[in-house]
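Input: a single structure, listed below in structure tokens.
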2 protein chains.
Amino acid sequence: MGRTRTFDESDATRSALGVFWGHGFDGAAVPDLERATGLSRSSIYHAFGSKRGLFDAAVSAYLDQVVRPRLAPLQADAVASGALAEYLRGLRHVMAEPTLPLAAHGCLLLNAATAPVGTDEGLRQVIREYREELAAAMQRGAEAARPDLDAASVAALATACTAHVVAAMTLVRVDSDGACELLDNALALLGASAPSAAAAPVSPERADG
Amino acid sequence: MGRTRTFDESDATRSALGVFWGHGFDGAAVPDLERATGLSRSSIYHAFGSKRGLFDAAVSAYLDQVVRPRLAPLQADAVASGALAEYLRGLRHVMAEPTLPLAAHGCLLLNAATAPVGTDEGLRQVIREYREELAAAMQRGAEAARPDLDAASVAALATACTAHVVAAMTLVRVDSDGACELLDNALALLGASAPSAAAAPVSPERADG
DNA sequence: CGGTTAGTGTACCGACCGATCCAATATATA
DNA sequence: TATATATTGGATCGGTCGGTACACTAACCG
């Protein structure tokens, strides 16, 4: 048949993710994407159909390569008792480092939720599923962390963790200190009035993970 | 001296607020602002200097006419014990009504925080102050609501309420049910293990726009 | 009144937007 | 090697962006 593709599609997607993460869908210009991917415009449009198609690919890469690796311990068959605290500490750690994309730009999907592109029904659905995946992971983490609590309290704790994580990711761009305080508070709630020795050592002053 | 102004600046600002709230700073086009304000382009630029100047005026109007009226009971000299719960219920009420701007578009400032314009240092400062004002109000509300708790627990509760409110406003645009659940959870946390049945009677007024 | 000054509306500016077209290129198959 | 087919890059499309220039108009003041 014809000529074979000389670039790696997932490499291009990853490069585009960097641009979309930094500037948002609407703020990312096609020339930016050309520069980041090293591809010409026609190659991008041939491979992804549109700027939006490339964004969808970048969203998928974001979920697979950024979100889920971090959630993995909370999605495994067996969840460690300290997994949720570890997740929150890890998040706090990357949010405190301004050079990392999460601290500099927040969450790609939450940013999209409040942007003009967030009115697109397909994207809204993706974001709802993202929120559900996050909430489910928090729930499993809370169950593992606090077996001493009744179901309702565990659910409330899980929802609270979700809220703290979402709020931190929303604010980190303009107020990284405030975002870290939110994550510290989630850790404090997680360990509050814990009678079990499983209470993870929570030291909110620590900057490292 | 010369001719006097024939339009009311605060009327124009309020009209512009509607546009910026719905589309964000970057998504709002100057022709949209002309249409909404009823002013011609030159009048807008003469009165506000730039699109950005008009946005700053709209932000100020948003704080004074949308945010603070709702926070007022939490900022008064004496805070009622049920004021925070009332605030959360009121917020939940407007978030459940899709025709109201808060439910349809979320928070103007939090949306700006995650948008390209959110990199502007002046705007970042405004958003940080907004967050602080919100957190201070939550703190006072939590103190009034839960005099039975020690200071650290009250502070944790206040921060948790802030997190739930911020997260709800971030998500409401794509997932109003999820946003309402977050506010319900904040209410549950607020009343958790409450010795008194001080739950204030529900009166979801103030469906402002 | 007339003169001065400021508010207003129209037309227009250069720049950039996402998207498309097409000629040129490169490679897998026959 | 010949041919077919897919990839690639440059030129270009119509549309819209935020912002400006300028003529016109209205109203305060001497």
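So you can find residues: chains in the structure tokens are A, B, ... in the order shown, residues in each start at 1, and ligands are numbered from 1 in order.
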For this session: Pick out the chain D residues within 8 Å of chain B. Count only C-alpha atoms (C1' of nucleotides). Give them as a list in words.
Result: DC17, DG18, DA26, DA27, DC28 and DC29 of chain D
For this session: Give the alpha helix (DSSP H) residues of chain A, as DSSP finds them on the backbone, and put them as a ChimeraX atom specification.
Result: /A:9-27,30-37,41-48,51-62,68-75,83-95,101-105,108-113,121-145,151-171,176-191
Seminar exercise, completed: CA of Ala72 in chain B to CA of Ala137 in chain B measures 8.6 Å
Problem set entry | Polymer residues at most 9 Å from Phe25 in chain A, only C-alpha atoms (C1' of nucleotides), same-chain spacing of 3 or more positions, as a VMD selection string | chain A and resid 19 to 21 28 to 29 51 to 52 55 112 115 to 117
Keeping C-alpha atoms, export the residues of the selection given above as a PDB file, in the first residue's frame.
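Written output follows (result_37.pdb):
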ATOM      1  CA  VAL A  19       0.145  22.348  25.193  1.00  0.00           C
ATOM      2  CA  PHE A  20      -3.497  21.748  26.096  1.00  0.00           C
ATOM      3  CA  TRP A  21      -2.581  21.344  29.738  1.00  0.00           C
ATOM      4  CA  ALA A  28      -4.003  26.410  22.573  1.00  0.00           C
ATOM      5  CA  ALA A  29      -3.425  27.582  19.017  1.00  0.00           C
ATOM      6  CA  LYS A  51      -8.038  20.326  16.853  1.00  0.00           C
ATOM      7  CA  ARG A  52     -10.808  18.846  18.922  1.00  0.00           C
ATOM      8  CA  PHE A  55      -7.672  17.284  22.297  1.00  0.00           C
ATOM      9  CA  ALA A 112     -11.929  22.223  30.684  1.00  0.00           C
ATOM     10  CA  ALA A 115     -13.955  26.717  29.925  1.00  0.00           C
ATOM     11  CA  PRO A 116     -16.102  27.412  26.868  1.00  0.00           C
ATOM     12  CA  VAL A 117     -15.360  23.929  25.530  1.00  0.00           C
TER      13      VAL A 117
END
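If you look at C1' of DC22 in chain C and C1' of DT16 in chain D, they are 25.8 Å away from each other.
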Wanna dump the chain D-range 15-21 of chain C contacts at 12 Å for me, each residue with its shortest atom pair and the distance in Å to one decimal, counting only C-alpha atoms (C1' of nucleotides), ordered by chain and number, as a Markdown table?
| residue | atom | partner | partner_atom | distance |
| --- | --- | --- | --- | --- |
| D:DG10 | C1' | C:DC21 | C1' | 10.7 |
| D:DA11 | C1' | C:DC21 | C1' | 8.9 |
| D:DT12 | C1' | C:DC21 | C1' | 8.2 |
| D:DC13 | C1' | C:DT20 | C1' | 7.2 |
| D:DG14 | C1' | C:DA19 | C1' | 9.9 |
| D:DG15 | C1' | C:DC17 | C1' | 8.2 |
| D:DT16 | C1' | C:DC17 | C1' | 7.2 |
| D:DC17 | C1' | C:DC16 | C1' | 7.3 |
| D:DG18 | C1' | C:DA15 | C1' | 9.7 |
| D:DG19 | C1' | C:DA15 | C1' | 11.1 |
Write a file of the selected residues as a PDB file, in the first residue's frame, keeping N, CA and C atoms (P, O5', C5', C4', C3', O3' and C1' of nucleotides).
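And here's result_18.pdb as it stands now:
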ATOM      1  P    DG D  10       7.264  23.946   5.063  1.00  0.00           P
ATOM      2  O5'  DG D  10       6.552  24.865   3.966  1.00  0.00           O
ATOM      3  C5'  DG D  10       6.673  24.513   2.589  1.00  0.00           C
ATOM      4  C4'  DG D  10       5.614  25.223   1.778  1.00  0.00           C
ATOM      5  C3'  DG D  10       5.315  26.651   2.234  1.00  0.00           C
ATOM      6  O3'  DG D  10       5.245  27.499   1.092  1.00  0.00           O
ATOM      7  C1'  DG D  10       3.318  25.375   2.225  1.00  0.00           C
ATOM      8  P    DA D  11       5.038  29.055   1.230  1.00  0.00           P
ATOM      9  O5'  DA D  11       3.612  29.282   0.566  1.00  0.00           O
ATOM     10  C5'  DA D  11       3.234  28.527  -0.583  1.00  0.00           C
ATOM     11  C4'  DA D  11       1.742  28.683  -0.839  1.00  0.00           C
ATOM     12  C3'  DA D  11       1.198  30.084  -0.546  1.00  0.00           C
ATOM     13  O3'  DA D  11       0.427  30.538  -1.652  1.00  0.00           O
ATOM     14  C1'  DA D  11      -0.054  28.442   0.647  1.00  0.00           C
ATOM     15  P    DT D  12      -0.234  31.987  -1.647  1.00  0.00           P
ATOM     16  O5'  DT D  12      -1.702  31.685  -1.117  1.00  0.00           O
ATOM     17  C5'  DT D  12      -2.390  30.514  -1.555  1.00  0.00           C
ATOM     18  C4'  DT D  12      -3.655  30.328  -0.744  1.00  0.00           C
ATOM     19  C3'  DT D  12      -4.336  31.647  -0.335  1.00  0.00           C
ATOM     20  O3'  DT D  12      -5.587  31.738  -0.982  1.00  0.00           O
ATOM     21  C1'  DT D  12      -4.314  30.058   1.425  1.00  0.00           C
ATOM     22  P    DC D  13      -6.503  33.056  -0.844  1.00  0.00           P
ATOM     23  O5'  DC D  13      -7.797  32.484  -0.103  1.00  0.00           O
ATOM     24  C5'  DC D  13      -8.388  31.250  -0.542  1.00  0.00           C
ATOM     25  C4'  DC D  13      -9.323  30.723   0.530  1.00  0.00           C
ATOM     26  C3'  DC D  13     -10.147  31.802   1.195  1.00  0.00           C
ATOM     27  O3'  DC D  13     -11.379  31.943   0.493  1.00  0.00           O
ATOM     28  C1'  DC D  13      -9.229  30.268   2.806  1.00  0.00           C
ATOM     29  P    DG D  14     -12.067  33.394   0.344  1.00  0.00           P
ATOM     30  O5'  DG D  14     -13.040  33.434   1.599  1.00  0.00           O
ATOM     31  C5'  DG D  14     -13.964  32.365   1.802  1.00  0.00           C
ATOM     32  C4'  DG D  14     -14.363  32.280   3.265  1.00  0.00           C
ATOM     33  C3'  DG D  14     -15.064  33.541   3.809  1.00  0.00           C
ATOM     34  O3'  DG D  14     -16.162  33.152   4.594  1.00  0.00           O
ATOM     35  C1'  DG D  14     -13.151  33.072   5.111  1.00  0.00           C
ATOM     36  P    DG D  15     -17.128  34.291   5.215  1.00  0.00           P
ATOM     37  O5'  DG D  15     -16.634  34.333   6.736  1.00  0.00           O
ATOM     38  C5'  DG D  15     -16.436  33.089   7.426  1.00  0.00           C
ATOM     39  C4'  DG D  15     -15.902  33.334   8.819  1.00  0.00           C
ATOM     40  C3'  DG D  15     -16.489  34.567   9.521  1.00  0.00           C
ATOM     41  O3'  DG D  15     -16.997  34.165  10.786  1.00  0.00           O
ATOM     42  C1'  DG D  15     -14.092  34.614   9.589  1.00  0.00           C
ATOM     43  P    DT D  16     -17.875  35.158  11.654  1.00  0.00           P
ATOM     44  O5'  DT D  16     -16.843  35.607  12.782  1.00  0.00           O
ATOM     45  C5'  DT D  16     -16.104  34.600  13.480  1.00  0.00           C
ATOM     46  C4'  DT D  16     -14.974  35.246  14.250  1.00  0.00           C
ATOM     47  C3'  DT D  16     -15.387  36.500  15.031  1.00  0.00           C
ATOM     48  O3'  DT D  16     -15.257  36.238  16.419  1.00  0.00           O
ATOM     49  C1'  DT D  16     -13.310  36.790  13.888  1.00  0.00           C
ATOM     50  P    DC D  17     -15.630  37.299  17.513  1.00  0.00           P
ATOM     51  O5'  DC D  17     -14.202  37.756  18.052  1.00  0.00           O
ATOM     52  C5'  DC D  17     -13.229  36.769  18.350  1.00  0.00           C
ATOM     53  C4'  DC D  17     -11.868  37.413  18.513  1.00  0.00           C
ATOM     54  C3'  DC D  17     -11.877  38.779  19.162  1.00  0.00           C
ATOM     55  O3'  DC D  17     -11.871  38.627  20.561  1.00  0.00           O
ATOM     56  C1'  DC D  17     -10.419  38.761  17.269  1.00  0.00           C
ATOM     57  P    DG D  18     -12.513  39.726  21.492  1.00  0.00           P
ATOM     58  O5'  DG D  18     -11.343  40.789  21.632  1.00  0.00           O
ATOM     59  C5'  DG D  18     -10.090  40.377  22.124  1.00  0.00           C
ATOM     60  C4'  DG D  18      -9.078  41.471  21.911  1.00  0.00           C
ATOM     61  C3'  DG D  18      -9.409  42.777  22.632  1.00  0.00           C
ATOM     62  O3'  DG D  18      -8.221  43.359  23.159  1.00  0.00           O
ATOM     63  C1'  DG D  18      -9.305  43.155  20.293  1.00  0.00           C
ATOM     64  P    DG D  19      -8.295  44.792  23.932  1.00  0.00           P
ATOM     65  O5'  DG D  19      -8.017  45.874  22.790  1.00  0.00           O
ATOM     66  C5'  DG D  19      -6.845  45.730  22.000  1.00  0.00           C
ATOM     67  C4'  DG D  19      -6.809  46.792  20.916  1.00  0.00           C
ATOM     68  C3'  DG D  19      -7.101  48.226  21.386  1.00  0.00           C
ATOM     69  O3'  DG D  19      -6.006  49.055  21.052  1.00  0.00           O
ATOM     70  C1'  DG D  19      -8.360  47.698  19.447  1.00  0.00           C
TER      71       DG D  19
END
Exercise. Hey, can you check how far CA of Ala57 in chain B sits from CA of Leu88 in chain B?
Worked result: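 Interatomic distance, CA of Ala57 in chain B to CA of Leu88 in chain B: 27.2 Å.
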For this session: Show which residues sit within 12 Å of Ala168 in chain A, as a count of residues only. Count only C-alpha atoms (C1' of nucleotides), and ignore same-chain residues fewer than 2 positions away.
Result: 48
